Amino acid sequence: MRLMIAGGGGFRVPLVYRALCSGPFAGLVRELVLYDVDPGRLAAIDAVLASLAARQAPAGVSTGTSPTVRATTSLPEALDGTDMVFAAIRPGGTAGRTADERIALDLGLLGQETTGAGGISYALRSIPRMLGLAAEMRDRCPEAWLLNFTNPAGMVTEALVPVLGRKVVGICDSASGLAHRAARAAGVALPEGRLDGVGYYGLNHLGWLYRLESGGRDALPGLLADAAALSGFEEGRLFRQPFLAELGCLPNEYLYYYYETGRALAGIRSAAQTRGESIDRQQSELYPRLADAGAEAYPLWEAARRSREEGYLAEARPAGERRDETALAGGGYERVALAAMRALSGGGATDLILNAPNAGPGPGGPVAAIPGLPVDAVVEVPCLVTHDGVVPLPQQLPAPAQLALMQRVKDVERHVVEAVAEGRREAALAAFARHPLVDSDALGGKLLAGYEAAFPELQQLWRGGGS
């Protein structure tokens, strides 16, 4: 199989390569093509992969399982003959992420790259580039699947469905990671590739684990009542135990920004720098060093990766508290993506939590996997993945407050997609103003104006001179 990664100079690409060289996914890919618009970033990541390959096999001996690697800045060259595409691009780079965060923070609002105002700004830049990639795929490799990591993953995937139809799915590891961490804490066996007894519904970075069955018994209520067990994993520590017991489910970690908005905002503001500023500084210093590091490129990258993981959601943790070692070790999102790729290419069925249209199987045709949301809306739910495609599995009706939040955020997402697809500035304005973490026409207008000043290309989206 030939796998192309759009955003091949991205920081996490070595995780994919590492997983393809050993373990259950070894031998799955014969050729890995890295495509990026930045030749410097490509050279740096190419050096990391070469360093890793040298460490994984004895000198002069080939394992026969590691894919050959080719880097290119030509999109047509990258796509021709490709069987599968992973996409993880960041228009505007880490400097753009910094602006996404700071413009919101300066208005007293949450500044985060996928949630709230920053996520909308990011989507307005990401969706046009991803639509261009999808159009090229349709012409050059129409049978290839697109596995989308580009954030905000659910929103971007929804924009791509009209172009690629059933050949696109959104990938994120936060929901599946929550399910596995909760299962371990509750003493529930959750085999790789199976989600029997797991109930999860939501949108990307906005979902809830509501059932965790084992032997016909739901172990989740007992876990939610056990403060000691909850303290053993990330999501259990993020939220207060009485709150979780009353809620009756485990929220995705990104719901911290909704349930604890004041604490999150205070935590971000009290830090010396935002998450985006930290990553921008790290990568600005790291990438030139990687390209020239030779055999030491992989250890240098790995040390930076662990440092980066340590700072993830730092605003939600007390000073000095470290993340779980399992989180720091890496191995999340690439496992989800490669498991999906293997199943889609005929390697056997698997269950995964993915972002896909809300059209589950029904006796008379498609029915909503999440009741209360449109069947064509991209949602994040457990899915059956086979060579025939991705099928969302039916979930129970969400609680009223959860459903109302999903409906409101989905309405915002659809306004963003409309703003890009139809060039309507008023749709972008509505998205900012209606988001529950903004909830203000005046602030929505200030946000849009601020992002337009920071990213002049947004003005080119609006047809008719920015109406």
# chains A, B, ... in the order shown; residues from 1 in each chain; ligands from 1
>>> residues_around(residues="Ala229 (chain A)", least_positions_apart="2", cutoff="12 Å", atoms="only C-alpha atoms", output="ChimeraX atom specification")
/A:181-187,220-227,231-237,241
>>> closest_atom_pairs(of="region 52-140 of chain A", to="region 244-266 of chain A", cutoff="8 Å", atoms="only C-alpha atoms", output="JSON lines")
{"residue": "A:Leu109", "atom": "CA", "partner": "A:Leu265", "partner_atom": "CA", "distance": 7.3}
{"residue": "A:Leu110", "atom": "CA", "partner": "A:Leu265", "partner_atom": "CA", "distance": 5.6}
{"residue": "A:Gly111", "atom": "CA", "partner": "A:Leu265", "partner_atom": "CA", "distance": 7.7}
{"residue": "A:Thr115", "atom": "CA", "partner": "A:Tyr257", "partner_atom": "CA", "distance": 7.7}
>>> residues_around(residues="region 381-387 of chain A", least_positions_apart="5", cutoff="9 Å", atoms="only C-alpha atoms", output="PyMOL selection string")
chain A and resi 175-176+195+198-203+207+340+342-356+358+360+369-370+392-395
>>> select_by_dssp(residues="region 239-460 of chain A", states="helix (DSSP H, G or I)", output="VMD selection string")
chain A and resid 241 to 247 253 to 259 261 to 270 275 to 291 294 to 310 314 to 316 325 to 328 333 to 344 400 to 422 425 to 434 441 to 454 456 to 460
>>> atom_distance(atom1="CA of Gly7 (chain A)", atom2="CA of Ala87 (chain A)")
6.3 Å
>>> closest_residue(among="A:Ala368, A:Ile89, A:Ala179, A:Ala99", to="Asn151 (chain A)", atoms="only C-alpha atoms")
A:Ile89
>>> select_by_dssp(residues="region 132-229 of chain A", states="strand (DSSP E)", output="ChimeraX atom specification")
/A:145-148,168-170,198-203,206-214,217-218
>>> residues_around(residues="region 136-148 of chain A", least_positions_apart="4", cutoff="8 Å", atoms="only C-alpha atoms", output="number ranges by chain")
A: 76, 79-88, 132, 153, 156-157, 163-164, 167-171, 337
>>> closest_residue(among="A:Gly10, A:Gly23, A:Gly177, A:Gly92", to="Arg305 (chain A)", atoms="only C-alpha atoms")
A:Gly10
>>> closest_residue(among="A:Leu42, A:Val69, A:Ala297, A:Ala228", to="Arg240 (chain A)", atoms="only C-alpha atoms")
A:Ala228
